[in-house]
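This report concerns only the one structure given below.
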Amino acid sequence: MNEFFQHYAHLIVFVHVLGAIVWVGGMIAVWKAVHPVMHTIEERELRLGKNLQITGRLFNLVMPFILLILLTGLVMAVAMEGHRGEQRTLFFAKEGIWTLMAFNYLFMYQRRLRAWKRFQRGDLSGAVALVARIPHLLLPLNIVLGITALWLGVSLRGY
């Protein structure tokens, strides 16, 4: 694994960082640029439907990038023995953060999917109840965690 990593290190780190940029950057863009504009739509049903569509597209967009982050992170961890070296505390903190983010993502994904089904049945209040915490708590939490993980990643690379 170490020889593989040495040969493809530049590409592996690039894909890993790109995945983080897409995931965290996508969340920031939706939270700070798209979501506020969506709230200027006065018609409740239209606003909810568009918010659910946008969130669904974001979640589907970032899913392969989350998998790439996991895959490239595992390759780097094994090749660089991050779990054994001097920086193992940083390594475990970063991996713990990404794991927490992934579980939070899955929770949001599931809530949004259930909300979409309720929305399609005409249950607007039920749909809103399912996703109400996403823009105000869960998405900002993942953004803060993601930025922290990015900082730890840079620290692990020694920069």
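Starting from 1 in every chain, residues are counted up; chains themselves are A, B, ... following the order of the structure tokens, and ligands are numbered from 1 as listed.
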
Problem - Neighbour list for Met101 in chain A as a PyMOL selection string, cut-off 8 Å, only C-alpha atoms, skip fewer than 4 positions in-chain - result: chain A and resi 97+105+142+145-146

DSSP alpha helix (DSSP H) selection over range 81-159 of chain A, as a PDB file with N, CA and C atoms, in the first residue's frame:
```
ATOM      1  N   ARG A  88      -0.953  10.852  15.714  1.00  0.00           N
ATOM      2  CA  ARG A  88      -2.133   9.992  15.790  1.00  0.00           C
ATOM      3  C   ARG A  88      -3.333  10.668  16.441  1.00  0.00           C
ATOM      4  N   THR A  89      -3.103  11.588  17.371  1.00  0.00           N
ATOM      5  CA  THR A  89      -4.224  12.303  17.978  1.00  0.00           C
ATOM      6  C   THR A  89      -4.947  13.142  16.929  1.00  0.00           C
ATOM      7  N   LEU A  90      -4.166  13.855  16.102  1.00  0.00           N
ATOM      8  CA  LEU A  90      -4.771  14.629  15.010  1.00  0.00           C
ATOM      9  C   LEU A  90      -5.488  13.713  14.027  1.00  0.00           C
ATOM     10  N   PHE A  91      -4.850  12.591  13.713  1.00  0.00           N
ATOM     11  CA  PHE A  91      -5.432  11.631  12.779  1.00  0.00           C
ATOM     12  C   PHE A  91      -6.786  11.131  13.291  1.00  0.00           C
ATOM     13  N   PHE A  92      -6.827  10.687  14.539  1.00  0.00           N
ATOM     14  CA  PHE A  92      -8.081  10.165  15.069  1.00  0.00           C
ATOM     15  C   PHE A  92      -9.139  11.259  15.213  1.00  0.00           C
ATOM     16  N   ALA A  93      -8.711  12.460  15.556  1.00  0.00           N
ATOM     17  CA  ALA A  93      -9.665  13.571  15.648  1.00  0.00           C
ATOM     18  C   ALA A  93     -10.280  13.847  14.276  1.00  0.00           C
ATOM     19  N   LYS A  94      -9.436  13.912  13.244  1.00  0.00           N
ATOM     20  CA  LYS A  94      -9.925  14.175  11.889  1.00  0.00           C
ATOM     21  C   LYS A  94     -10.847  13.060  11.417  1.00  0.00           C
ATOM     22  N   GLU A  95     -10.456  11.836  11.616  1.00  0.00           N
ATOM     23  CA  GLU A  95     -11.290  10.720  11.179  1.00  0.00           C
ATOM     24  C   GLU A  95     -12.600  10.668  11.969  1.00  0.00           C
ATOM     25  N   GLY A  96     -12.537  11.009  13.243  1.00  0.00           N
ATOM     26  CA  GLY A  96     -13.762  11.060  14.051  1.00  0.00           C
ATOM     27  C   GLY A  96     -14.712  12.138  13.562  1.00  0.00           C
ATOM     28  N   ILE A  97     -14.157  13.272  13.189  1.00  0.00           N
ATOM     29  CA  ILE A  97     -14.985  14.375  12.680  1.00  0.00           C
ATOM     30  C   ILE A  97     -15.653  13.976  11.371  1.00  0.00           C
ATOM     31  N   TRP A  98     -14.881  13.405  10.429  1.00  0.00           N
ATOM     32  CA  TRP A  98     -15.476  12.997   9.149  1.00  0.00           C
ATOM     33  C   TRP A  98     -16.545  11.923   9.370  1.00  0.00           C
ATOM     34  N   THR A  99     -16.319  11.047  10.333  1.00  0.00           N
ATOM     35  CA  THR A  99     -17.309  10.003  10.632  1.00  0.00           C
ATOM     36  C   THR A  99     -18.581  10.631  11.179  1.00  0.00           C
ATOM     37  N   LEU A 100     -18.443  11.553  12.105  1.00  0.00           N
ATOM     38  CA  LEU A 100     -19.602  12.263  12.649  1.00  0.00           C
ATOM     39  C   LEU A 100     -20.340  13.012  11.540  1.00  0.00           C
ATOM     40  N   MET A 101     -19.589  13.645  10.651  1.00  0.00           N
ATOM     41  CA  MET A 101     -20.201  14.351   9.525  1.00  0.00           C
ATOM     42  C   MET A 101     -20.974  13.387   8.624  1.00  0.00           C
ATOM     43  N   ALA A 102     -20.403  12.216   8.390  1.00  0.00           N
ATOM     44  CA  ALA A 102     -21.072  11.240   7.521  1.00  0.00           C
ATOM     45  C   ALA A 102     -22.377  10.766   8.157  1.00  0.00           C
ATOM     46  N   PHE A 103     -22.369  10.508   9.455  1.00  0.00           N
ATOM     47  CA  PHE A 103     -23.608  10.098  10.127  1.00  0.00           C
ATOM     48  C   PHE A 103     -24.637  11.224  10.111  1.00  0.00           C
ATOM     49  N   ASN A 104     -24.183  12.456  10.312  1.00  0.00           N
ATOM     50  CA  ASN A 104     -25.087  13.601  10.252  1.00  0.00           C
ATOM     51  C   ASN A 104     -25.658  13.745   8.836  1.00  0.00           C
ATOM     52  N   TYR A 105     -24.812  13.549   7.825  1.00  0.00           N
ATOM     53  CA  TYR A 105     -25.263  13.578   6.439  1.00  0.00           C
ATOM     54  C   TYR A 105     -26.341  12.513   6.211  1.00  0.00           C
ATOM     55  N   LEU A 106     -26.090  11.295   6.664  1.00  0.00           N
ATOM     56  CA  LEU A 106     -27.075  10.215   6.478  1.00  0.00           C
ATOM     57  C   LEU A 106     -28.385  10.540   7.188  1.00  0.00           C
ATOM     58  N   PHE A 107     -28.288  11.130   8.363  1.00  0.00           N
ATOM     59  CA  PHE A 107     -29.488  11.521   9.106  1.00  0.00           C
ATOM     60  C   PHE A 107     -30.268  12.576   8.324  1.00  0.00           C
ATOM     61  N   MET A 108     -29.555  13.605   7.814  1.00  0.00           N
ATOM     62  CA  MET A 108     -30.217  14.648   7.025  1.00  0.00           C
ATOM     63  C   MET A 108     -30.802  14.066   5.738  1.00  0.00           C
ATOM     64  N   TYR A 109     -30.069  13.180   5.098  1.00  0.00           N
ATOM     65  CA  TYR A 109     -30.511  12.557   3.852  1.00  0.00           C
ATOM     66  C   TYR A 109     -31.832  11.808   4.082  1.00  0.00           C
ATOM     67  N   GLN A 110     -31.860  11.058   5.153  1.00  0.00           N
ATOM     68  CA  GLN A 110     -33.049  10.279   5.477  1.00  0.00           C
ATOM     69  C   GLN A 110     -34.230  11.186   5.816  1.00  0.00           C
ATOM     70  N   ARG A 111     -33.990  12.237   6.579  1.00  0.00           N
ATOM     71  CA  ARG A 111     -35.056  13.184   6.940  1.00  0.00           C
ATOM     72  C   ARG A 111     -35.602  13.883   5.698  1.00  0.00           C
ATOM     73  N   ARG A 112     -34.706  14.307   4.821  1.00  0.00           N
ATOM     74  CA  ARG A 112     -35.120  14.984   3.606  1.00  0.00           C
ATOM     75  C   ARG A 112     -35.927  14.040   2.711  1.00  0.00           C
ATOM     76  N   LEU A 113     -35.512  12.790   2.604  1.00  0.00           N
ATOM     77  CA  LEU A 113     -36.235  11.812   1.793  1.00  0.00           C
ATOM     78  C   LEU A 113     -37.647  11.589   2.331  1.00  0.00           C
ATOM     79  N   ARG A 114     -37.763  11.442   3.634  1.00  0.00           N
ATOM     80  CA  ARG A 114     -39.086  11.286   4.249  1.00  0.00           C
ATOM     81  C   ARG A 114     -39.930  12.541   4.066  1.00  0.00           C
ATOM     82  N   ALA A 115     -39.301  13.713   4.173  1.00  0.00           N
ATOM     83  CA  ALA A 115     -40.023  14.974   3.976  1.00  0.00           C
ATOM     84  C   ALA A 115     -40.519  15.077   2.538  1.00  0.00           C
ATOM     85  N   TRP A 116     -39.700  14.658   1.580  1.00  0.00           N
ATOM     86  CA  TRP A 116     -40.108  14.715   0.179  1.00  0.00           C
ATOM     87  C   TRP A 116     -41.356  13.850  -0.049  1.00  0.00           C
ATOM     88  N   LYS A 117     -41.386  12.683   0.550  1.00  0.00           N
ATOM     89  CA  LYS A 117     -42.551  11.796   0.411  1.00  0.00           C
ATOM     90  C   LYS A 117     -43.797  12.443   1.017  1.00  0.00           C
ATOM     91  N   ARG A 118     -43.642  13.076   2.157  1.00  0.00           N
ATOM     92  CA  ARG A 118     -44.781  13.776   2.772  1.00  0.00           C
ATOM     93  C   ARG A 118     -45.215  14.956   1.917  1.00  0.00           C
ATOM     94  N   PHE A 119     -44.244  15.682   1.392  1.00  0.00           N
ATOM     95  CA  PHE A 119     -44.553  16.815   0.523  1.00  0.00           C
ATOM     96  C   PHE A 119     -45.367  16.355  -0.684  1.00  0.00           C
ATOM     97  N   GLN A 120     -44.956  15.262  -1.285  1.00  0.00           N
ATOM     98  CA  GLN A 120     -45.668  14.748  -2.458  1.00  0.00           C
ATOM     99  C   GLN A 120     -47.098  14.311  -2.122  1.00  0.00           C
ATOM    100  N   LEU A 124     -47.674  19.262   4.029  1.00  0.00           N
ATOM    101  CA  LEU A 124     -46.642  20.294   4.120  1.00  0.00           C
ATOM    102  C   LEU A 124     -46.112  20.444   5.544  1.00  0.00           C
ATOM    103  N   SER A 125     -46.996  20.439   6.519  1.00  0.00           N
ATOM    104  CA  SER A 125     -46.565  20.600   7.916  1.00  0.00           C
ATOM    105  C   SER A 125     -45.676  19.441   8.352  1.00  0.00           C
ATOM    106  N   GLY A 126     -46.025  18.236   7.955  1.00  0.00           N
ATOM    107  CA  GLY A 126     -45.198  17.073   8.288  1.00  0.00           C
ATOM    108  C   GLY A 126     -43.840  17.144   7.627  1.00  0.00           C
ATOM    109  N   ALA A 127     -43.813  17.608   6.388  1.00  0.00           N
ATOM    110  CA  ALA A 127     -42.543  17.734   5.664  1.00  0.00           C
ATOM    111  C   ALA A 127     -41.653  18.783   6.326  1.00  0.00           C
ATOM    112  N   VAL A 128     -42.252  19.914   6.668  1.00  0.00           N
ATOM    113  CA  VAL A 128     -41.485  20.982   7.321  1.00  0.00           C
ATOM    114  C   VAL A 128     -40.923  20.497   8.652  1.00  0.00           C
ATOM    115  N   ALA A 129     -41.720  19.783   9.409  1.00  0.00           N
ATOM    116  CA  ALA A 129     -41.266  19.286  10.713  1.00  0.00           C
ATOM    117  C   ALA A 129     -40.050  18.374  10.572  1.00  0.00           C
ATOM    118  N   LEU A 130     -40.004  17.601   9.507  1.00  0.00           N
ATOM    119  CA  LEU A 130     -38.886  16.679   9.310  1.00  0.00           C
ATOM    120  C   LEU A 130     -37.580  17.384   8.954  1.00  0.00           C
ATOM    121  N   VAL A 131     -37.670  18.499   8.248  1.00  0.00           N
ATOM    122  CA  VAL A 131     -36.442  19.153   7.764  1.00  0.00           C
ATOM    123  C   VAL A 131     -36.122  20.472   8.458  1.00  0.00           C
ATOM    124  N   ARG A 133     -34.800  21.325  11.208  1.00  0.00           N
ATOM    125  CA  ARG A 133     -33.500  21.461  11.879  1.00  0.00           C
ATOM    126  C   ARG A 133     -32.316  21.443  10.915  1.00  0.00           C
ATOM    127  N   LEU A 139     -26.977  21.339   9.167  1.00  0.00           N
ATOM    128  CA  LEU A 139     -26.082  21.800   8.112  1.00  0.00           C
ATOM    129  C   LEU A 139     -24.970  22.690   8.672  1.00  0.00           C
ATOM    130  N   PRO A 140     -25.289  23.688   9.508  1.00  0.00           N
ATOM    131  CA  PRO A 140     -24.196  24.480  10.100  1.00  0.00           C
ATOM    132  C   PRO A 140     -23.228  23.631  10.928  1.00  0.00           C
ATOM    133  N   LEU A 141     -23.745  22.622  11.625  1.00  0.00           N
ATOM    134  CA  LEU A 141     -22.883  21.725  12.390  1.00  0.00           C
ATOM    135  C   LEU A 141     -21.894  21.034  11.463  1.00  0.00           C
ATOM    136  N   ASN A 142     -22.381  20.501  10.343  1.00  0.00           N
ATOM    137  CA  ASN A 142     -21.480  19.824   9.415  1.00  0.00           C
ATOM    138  C   ASN A 142     -20.479  20.794   8.787  1.00  0.00           C
ATOM    139  N   ILE A 143     -20.881  22.025   8.575  1.00  0.00           N
ATOM    140  CA  ILE A 143     -19.952  23.022   8.024  1.00  0.00           C
ATOM    141  C   ILE A 143     -18.818  23.286   9.012  1.00  0.00           C
ATOM    142  N   VAL A 144     -19.150  23.510  10.257  1.00  0.00           N
ATOM    143  CA  VAL A 144     -18.118  23.752  11.276  1.00  0.00           C
ATOM    144  C   VAL A 144     -17.211  22.533  11.421  1.00  0.00           C
ATOM    145  N   LEU A 145     -17.813  21.356  11.462  1.00  0.00           N
ATOM    146  CA  LEU A 145     -17.012  20.129  11.560  1.00  0.00           C
ATOM    147  C   LEU A 145     -16.111  19.972  10.330  1.00  0.00           C
ATOM    148  N   GLY A 146     -16.650  20.254   9.143  1.00  0.00           N
ATOM    149  CA  GLY A 146     -15.871  20.119   7.915  1.00  0.00           C
ATOM    150  C   GLY A 146     -14.693  21.075   7.868  1.00  0.00           C
ATOM    151  N   ILE A 147     -14.906  22.300   8.265  1.00  0.00           N
ATOM    152  CA  ILE A 147     -13.813  23.276   8.290  1.00  0.00           C
ATOM    153  C   ILE A 147     -12.753  22.850   9.302  1.00  0.00           C
ATOM    154  N   THR A 148     -13.198  22.338  10.427  1.00  0.00           N
ATOM    155  CA  THR A 148     -12.254  21.833  11.438  1.00  0.00           C
ATOM    156  C   THR A 148     -11.453  20.658  10.883  1.00  0.00           C
ATOM    157  N   ALA A 149     -12.127  19.736  10.205  1.00  0.00           N
ATOM    158  CA  ALA A 149     -11.438  18.586   9.616  1.00  0.00           C
ATOM    159  C   ALA A 149     -10.446  19.019   8.540  1.00  0.00           C
ATOM    160  N   LEU A 150     -10.811  20.020   7.758  1.00  0.00           N
ATOM    161  CA  LEU A 150      -9.878  20.538   6.754  1.00  0.00           C
ATOM    162  C   LEU A 150      -8.629  21.120   7.420  1.00  0.00           C
ATOM    163  N   TRP A 151      -8.848  21.848   8.502  1.00  0.00           N
ATOM    164  CA  TRP A 151      -7.709  22.421   9.251  1.00  0.00           C
ATOM    165  C   TRP A 151      -6.808  21.302   9.783  1.00  0.00           C
ATOM    166  N   LEU A 152      -7.416  20.270  10.341  1.00  0.00           N
ATOM    167  CA  LEU A 152      -6.637  19.146  10.859  1.00  0.00           C
ATOM    168  C   LEU A 152      -5.894  18.435   9.731  1.00  0.00           C
ATOM    169  N   GLY A 153      -6.528  18.328   8.561  1.00  0.00           N
ATOM    170  CA  GLY A 153      -5.880  17.695   7.430  1.00  0.00           C
ATOM    171  C   GLY A 153      -4.630  18.447   6.985  1.00  0.00           C
ATOM    172  N   VAL A 154      -4.732  19.754   6.950  1.00  0.00           N
ATOM    173  CA  VAL A 154      -3.566  20.572   6.607  1.00  0.00           C
ATOM    174  C   VAL A 154      -2.492  20.390   7.677  1.00  0.00           C
ATOM    175  N   SER A 155      -2.896  20.334   8.922  1.00  0.00           N
ATOM    176  CA  SER A 155      -1.930  20.125  10.010  1.00  0.00           C
ATOM    177  C   SER A 155      -1.243  18.780   9.891  1.00  0.00           C
ATOM    178  N   LEU A 156      -1.988  17.760   9.490  1.00  0.00           N
ATOM    179  CA  LEU A 156      -1.398  16.419   9.327  1.00  0.00           C
ATOM    180  C   LEU A 156      -0.386  16.384   8.182  1.00  0.00           C
TER     181      LEU A 156
END
```

Which residue is closest to Gly19 in chain A? Choose from A:Leu68, A:Leu61, A:Leu52, A:Leu138 and count only C-alpha atoms.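 Among the listed residues, A:Leu68 lies closest to Gly19 in chain A.
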
Ranking A:Ala79, A:Leu58, A:Ile28, A:Ile41 by minimum distance to Ile12 in chain A and counting only C-alpha atoms, which one comes first?
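Under the stated criterion, the closest residue is A:Ala79.
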